[in-house]
Amino acid sequence: MTKASIARQLGNAIVAKNRNSGGWYGPHMAAASRAIQERIPLVDLVLEVRDARIPLSSEYEQLRNYSSTLKRIIVMNKMDLANRSQIKEWVSYFQQNNCLSYGVNAHNKENIKQFLNFLQARVRELKRTEQHSSYTTTILLVGIPNVGKSALANSLHKIGRISAAEKGKLKNATVSPQPGETKDISSLKIGSHPNIYVLDTPGVLPPEILDADVCCKLALTGAIGNCLAGEKELSRYLLTILNLSDEYKKWAKLADPKNGIPVADHKAECSGNFEMDMKRKRQYPTDHTQDFIVNSVRKTLFETISSFDGNLDDERELARLVDAEISALQKVFQVPENVGVDAHDKVACKLLNLYRTGRLGHYTLDCIP
């Protein structure tokens, strides 16, 4: 109930601010929505890109207006940031609801190769079953802001061109961690024999979202700008999720019970040995724990949560823990009190960045119905 009440409070604030300040649905998004709507009936296949951390909350609602005959694949991107053990469960859930789905990481070359093979097989199947005479297949990428449509389009284009041994300059769709950077619909070739093109589109949200819980999740994952939610409030919501999960328990190995210094960092500090540092980096090639700041943040959060003796089911007690965590993280991030801006703002910004890049663990915020 505590997390739900915090989410409700934050979500209602986002809903109210969206109504009163013009919010996210400006003229550009309205125009993009109309342009996408016009193209949907003209393409062969629609890829609805969702955020794997929120497979339901990141739904592209505009597709609800189309019949069940629409040829659509739900692509759960950013699966490297989600709870990996749940991806298969979500694929099964969508399959039970007569929806084809696929989990991807747009920045993983091997994963994109597999996904491209999957798409090409799907295209061949479409041509065989529906007797398409056209030599060219067009795929439309749609989704809400900041789910990684452009990154996915670029990766498919790059791998597709290499596989087909095509020459010429690669095109690139604009990629940014900020929502709303893609302004126009662009076409990228991803396959030959048959020719396959993807149309990358701007992210579109509904003009209004009334579900406070959905608003919170969209803001935390970056689909809704920080300006509408507030970085302070989002960081408190993030810490609440962390405190009520078991993810922090994985960081116990970082703390030496005798002196409180992360074991790996203590050894490196004592030896100052360059070879040892390089060995650690080779040992954890895809693990961010070799980053000293990330180590310190994880260690600090683990120790603060583990030593807390309050009742986490009590909202005031949980708020007290969050306050203690923010105070401890201010020292880790070396944010002085007299920085000219609120120290909490700086801590919040750094904390959200670590979460959104997967360095504070892997969380799937939606529950399978």
# chains A, B, ... in the order shown; residues from 1 in each chain; ligands from 1
$ residues_around --residues "Pro41 (chain A)" --least-positions-apart "2" --cutoff "12 Å" --atoms "only C-alpha atoms" --output "list in words"
Ala35, Ile36, Gln37, Glu38, Arg39, Val43, Asp44, Leu45, Val46, Leu63, Asn65, Tyr66, Ser67, Thr69, Leu70, Lys71, Arg72, Thr138, Ile139 and Leu140 of chain A
$ write_last_selection --atoms "C-alpha atoms" --output "PDB file, in the first residue's frame"
ATOM      1  CA  ALA A  35       0.950  11.102 -40.060  1.00  0.00           C
ATOM      2  CA  ILE A  36       1.364   7.692 -38.423  1.00  0.00           C
ATOM      3  CA  GLN A  37      -2.376   7.066 -38.598  1.00  0.00           C
ATOM      4  CA  GLU A  38      -2.306   7.678 -42.352  1.00  0.00           C
ATOM      5  CA  ARG A  39       0.557   5.235 -42.912  1.00  0.00           C
ATOM      6  CA  VAL A  43       2.443  -0.788 -44.577  1.00  0.00           C
ATOM      7  CA  ASP A  44       2.944  -4.559 -44.538  1.00  0.00           C
ATOM      8  CA  LEU A  45       3.851  -4.907 -40.864  1.00  0.00           C
ATOM      9  CA  VAL A  46       3.752  -2.794 -37.700  1.00  0.00           C
ATOM     10  CA  LEU A  63      -3.239   0.871 -32.222  1.00  0.00           C
ATOM     11  CA  ASN A  65      -8.345   1.765 -32.975  1.00  0.00           C
ATOM     12  CA  TYR A  66      -7.396  -0.974 -35.447  1.00  0.00           C
ATOM     13  CA  SER A  67      -8.926  -4.411 -35.858  1.00  0.00           C
ATOM     14  CA  THR A  69      -6.306  -8.333 -38.288  1.00  0.00           C
ATOM     15  CA  LEU A  70      -3.558  -5.679 -38.059  1.00  0.00           C
ATOM     16  CA  LYS A  71      -0.214  -7.404 -38.618  1.00  0.00           C
ATOM     17  CA  ARG A  72       1.626  -6.322 -35.497  1.00  0.00           C
ATOM     18  CA  THR A 138       7.587  -1.798 -45.551  1.00  0.00           C
ATOM     19  CA  ILE A 139       7.639  -2.066 -41.764  1.00  0.00           C
ATOM     20  CA  LEU A 140       6.382   0.766 -39.542  1.00  0.00           C
TER      21      LEU A 140
END
$ residues_around --residues "region 235-243 of chain A" --least-positions-apart "5" --cutoff "8 Å" --atoms "only C-alpha atoms" --output "ChimeraX atom specification"
/A:3,6-7,220,248,305,318,322,348-349,351-352
$ residues_around --residues "Val214 (chain A)" --least-positions-apart "2" --cutoff "9 Å" --atoms "only C-alpha atoms" --output "list in words"
Ala7, Gly11, Ile54, Leu56, Ser57, Ser58, Ile209, Leu210, Asp211, Ala212, Cys216, Lys217, Leu218 and Ala219 of chain A
$ residues_around --residues "region 306-313 of chain A" --least-positions-apart "5" --cutoff "12 Å" --atoms "only C-alpha atoms" --output "PDB file with N, CA and C atoms, in the first residue's frame"
ATOM      1  N   MET A   1       0.828  -1.205   0.000  1.00  0.00           N
ATOM      2  CA  MET A   1       0.000   0.000   0.000  1.00  0.00           C
ATOM      3  C   MET A   1       0.865   1.258   0.000  1.00  0.00           C
ATOM      4  N   THR A   2       2.036   1.196   0.658  1.00  0.00           N
ATOM      5  CA  THR A   2       2.880   2.382   0.761  1.00  0.00           C
ATOM      6  C   THR A   2       3.368   2.831  -0.606  1.00  0.00           C
ATOM      7  N   LYS A   3       3.917   1.886  -1.376  1.00  0.00           N
ATOM      8  CA  LYS A   3       4.409   2.235  -2.712  1.00  0.00           C
ATOM      9  C   LYS A   3       3.264   2.742  -3.582  1.00  0.00           C
ATOM     10  N   ALA A   4       2.097   2.120  -3.451  1.00  0.00           N
ATOM     11  CA  ALA A   4       0.937   2.521  -4.242  1.00  0.00           C
ATOM     12  C   ALA A   4       0.506   3.944  -3.909  1.00  0.00           C
ATOM     13  N   SER A   5       0.552   4.297  -2.633  1.00  0.00           N
ATOM     14  CA  SER A   5       0.130   5.644  -2.244  1.00  0.00           C
ATOM     15  C   SER A   5       1.124   6.699  -2.722  1.00  0.00           C
ATOM     16  N   THR A 240      11.987   4.167  -3.204  1.00  0.00           N
ATOM     17  CA  THR A 240      10.905   3.376  -2.598  1.00  0.00           C
ATOM     18  C   THR A 240      10.815   2.005  -3.254  1.00  0.00           C
ATOM     19  N   ILE A 241      10.890   1.983  -4.596  1.00  0.00           N
ATOM     20  CA  ILE A 241      10.859   0.705  -5.332  1.00  0.00           C
ATOM     21  C   ILE A 241      12.041  -0.164  -4.919  1.00  0.00           C
ATOM     22  N   LEU A 242      13.229   0.444  -4.860  1.00  0.00           N
ATOM     23  CA  LEU A 242      14.442  -0.288  -4.481  1.00  0.00           C
ATOM     24  C   LEU A 242      14.324  -0.854  -3.069  1.00  0.00           C
ATOM     25  N   ASN A 243      13.827  -0.040  -2.136  1.00  0.00           N
ATOM     26  CA  ASN A 243      13.735  -0.452  -0.731  1.00  0.00           C
ATOM     27  C   ASN A 243      12.784  -1.625  -0.527  1.00  0.00           C
ATOM     28  N   LEU A 244      11.767  -1.714  -1.375  1.00  0.00           N
ATOM     29  CA  LEU A 244      10.762  -2.764  -1.228  1.00  0.00           C
ATOM     30  C   LEU A 244      11.041  -3.979  -2.117  1.00  0.00           C
ATOM     31  N   SER A 245      12.182  -3.954  -2.822  1.00  0.00           N
ATOM     32  CA  SER A 245      12.564  -5.089  -3.677  1.00  0.00           C
ATOM     33  C   SER A 245      13.714  -5.843  -3.012  1.00  0.00           C
ATOM     34  N   ASP A 246      14.143  -6.916  -3.650  1.00  0.00           N
ATOM     35  CA  ASP A 246      15.295  -7.685  -3.143  1.00  0.00           C
ATOM     36  C   ASP A 246      16.566  -7.392  -3.932  1.00  0.00           C
ATOM     37  N   TYR A 248      18.662  -4.948  -3.937  1.00  0.00           N
ATOM     38  CA  TYR A 248      19.807  -4.427  -3.182  1.00  0.00           C
ATOM     39  C   TYR A 248      20.584  -5.535  -2.470  1.00  0.00           C
ATOM     40  N   LYS A 249      19.934  -6.675  -2.191  1.00  0.00           N
ATOM     41  CA  LYS A 249      20.603  -7.768  -1.479  1.00  0.00           C
ATOM     42  C   LYS A 249      21.741  -8.365  -2.299  1.00  0.00           C
ATOM     43  N   LYS A 250      21.685  -8.174  -3.619  1.00  0.00           N
ATOM     44  CA  LYS A 250      22.745  -8.685  -4.491  1.00  0.00           C
ATOM     45  C   LYS A 250      24.058  -7.930  -4.283  1.00  0.00           C
ATOM     46  N   TRP A 251      23.989  -6.781  -3.623  1.00  0.00           N
ATOM     47  CA  TRP A 251      25.181  -5.936  -3.456  1.00  0.00           C
ATOM     48  C   TRP A 251      25.901  -6.198  -2.138  1.00  0.00           C
ATOM     49  N   ALA A 252      25.454  -7.208  -1.387  1.00  0.00           N
ATOM     50  CA  ALA A 252      26.064  -7.492  -0.082  1.00  0.00           C
ATOM     51  C   ALA A 252      27.550  -7.794  -0.215  1.00  0.00           C
ATOM     52  N   ALA A 255      30.482  -5.076   0.272  1.00  0.00           N
ATOM     53  CA  ALA A 255      30.902  -4.510   1.562  1.00  0.00           C
ATOM     54  C   ALA A 255      31.705  -5.523   2.369  1.00  0.00           C
ATOM     55  N   ARG A 298      26.018   1.527  -4.676  1.00  0.00           N
ATOM     56  CA  ARG A 298      25.396   0.246  -4.319  1.00  0.00           C
ATOM     57  C   ARG A 298      25.703  -0.127  -2.866  1.00  0.00           C
ATOM     58  N   LYS A 299      26.961   0.024  -2.489  1.00  0.00           N
ATOM     59  CA  LYS A 299      27.385  -0.310  -1.126  1.00  0.00           C
ATOM     60  C   LYS A 299      26.633   0.552  -0.109  1.00  0.00           C
ATOM     61  N   THR A 300      26.547   1.844  -0.399  1.00  0.00           N
ATOM     62  CA  THR A 300      25.875   2.772   0.518  1.00  0.00           C
ATOM     63  C   THR A 300      24.395   2.441   0.665  1.00  0.00           C
ATOM     64  N   LEU A 301      23.736   2.163  -0.450  1.00  0.00           N
ATOM     65  CA  LEU A 301      22.315   1.816  -0.394  1.00  0.00           C
ATOM     66  C   LEU A 301      22.110   0.499   0.363  1.00  0.00           C
ATOM     67  N   LEU A 318       9.106   4.655   5.941  1.00  0.00           N
ATOM     68  CA  LEU A 318       9.729   4.490   4.622  1.00  0.00           C
ATOM     69  C   LEU A 318      10.308   5.817   4.144  1.00  0.00           C
ATOM     70  N   ALA A 319       9.591   6.897   4.389  1.00  0.00           N
ATOM     71  CA  ALA A 319      10.080   8.242   4.017  1.00  0.00           C
ATOM     72  C   ALA A 319      11.352   8.575   4.790  1.00  0.00           C
ATOM     73  N   ARG A 320      11.420   8.131   6.042  1.00  0.00           N
ATOM     74  CA  ARG A 320      12.616   8.363   6.862  1.00  0.00           C
ATOM     75  C   ARG A 320      13.817   7.630   6.274  1.00  0.00           C
ATOM     76  N   LEU A 321      13.595   6.412   5.793  1.00  0.00           N
ATOM     77  CA  LEU A 321      14.679   5.657   5.151  1.00  0.00           C
ATOM     78  C   LEU A 321      15.137   6.351   3.875  1.00  0.00           C
ATOM     79  N   VAL A 322      14.202   6.818   3.063  1.00  0.00           N
ATOM     80  CA  VAL A 322      14.550   7.513   1.819  1.00  0.00           C
ATOM     81  C   VAL A 322      15.377   8.769   2.122  1.00  0.00           C
ATOM     82  N   ASP A 323      14.996   9.506   3.163  1.00  0.00           N
ATOM     83  CA  ASP A 323      15.760  10.699   3.566  1.00  0.00           C
ATOM     84  C   ASP A 323      17.189  10.317   3.938  1.00  0.00           C
ATOM     85  N   ALA A 324      17.331   9.215   4.677  1.00  0.00           N
ATOM     86  CA  ALA A 324      18.662   8.759   5.090  1.00  0.00           C
ATOM     87  C   ALA A 324      19.501   8.362   3.873  1.00  0.00           C
ATOM     88  N   GLU A 325      18.871   7.734   2.894  1.00  0.00           N
ATOM     89  CA  GLU A 325      19.583   7.317   1.682  1.00  0.00           C
ATOM     90  C   GLU A 325      20.060   8.526   0.885  1.00  0.00           C
TER      91      GLU A 325
END
$ select_by_dssp --residues "region 18-182 of chain A" --states "helix (DSSP H, G or I)" --output "number ranges by chain"
A: 18-21, 27-42, 61-65, 84-96, 109-130, 149-163
$ residues_around --residues "Lys17 (chain A)" --least-positions-apart "3" --cutoff "12 Å" --atoms "only C-alpha atoms" --output "list in words"
Leu10, Gly11, Asn12, Ala13, Ile14, Asn20, Ser21, Gly22, Gly23, Trp24, Glu208, Ile209, Leu210, Cys215, Ile224, Gly225, Asn226, Cys227, Leu228, Ala229 and Gly230 of chain A
$ write_last_selection --atoms "C-alpha atoms" --output "PDB file, in the first residue's frame"
ATOM      1  CA  LEU A  10       3.279  11.502  -7.779  1.00  0.00           C
ATOM      2  CA  GLY A  11       1.096  10.298 -10.663  1.00  0.00           C
ATOM      3  CA  ASN A  12      -1.750  12.649  -9.772  1.00  0.00           C
ATOM      4  CA  ALA A  13       0.740  15.544  -9.694  1.00  0.00           C
ATOM      5  CA  ILE A  14       1.927  14.609 -13.220  1.00  0.00           C
ATOM      6  CA  ASN A  20      -2.383  22.899 -16.556  1.00  0.00           C
ATOM      7  CA  SER A  21       0.883  23.503 -18.425  1.00  0.00           C
ATOM      8  CA  GLY A  22       0.153  22.187 -21.922  1.00  0.00           C
ATOM      9  CA  GLY A  23       2.050  19.002 -21.047  1.00  0.00           C
ATOM     10  CA  TRP A  24       3.553  16.596 -23.524  1.00  0.00           C
ATOM     11  CA  GLU A 208      -4.031  12.631 -21.447  1.00  0.00           C
ATOM     12  CA  ILE A 209      -3.178   9.673 -19.217  1.00  0.00           C
ATOM     13  CA  LEU A 210      -5.464   9.361 -16.197  1.00  0.00           C
ATOM     14  CA  CYS A 215       2.247   8.127 -15.328  1.00  0.00           C
ATOM     15  CA  ILE A 224       7.672  11.631 -19.869  1.00  0.00           C
ATOM     16  CA  GLY A 225      10.100  14.499 -19.302  1.00  0.00           C
ATOM     17  CA  ASN A 226      11.549  15.124 -15.833  1.00  0.00           C
ATOM     18  CA  CYS A 227      10.096  18.635 -15.900  1.00  0.00           C
ATOM     19  CA  LEU A 228       6.568  17.264 -15.475  1.00  0.00           C
ATOM     20  CA  ALA A 229       7.390  14.875 -12.650  1.00  0.00           C
ATOM     21  CA  GLY A 230      10.283  16.580 -10.871  1.00  0.00           C
TER      22      GLY A 230
END
$ closest_residue --among "A:Lys189, A:Pro206, A:Pro194, A:Gln120" --to "Tyr60 (chain A)" --atoms "only C-alpha atoms"
A:Pro206
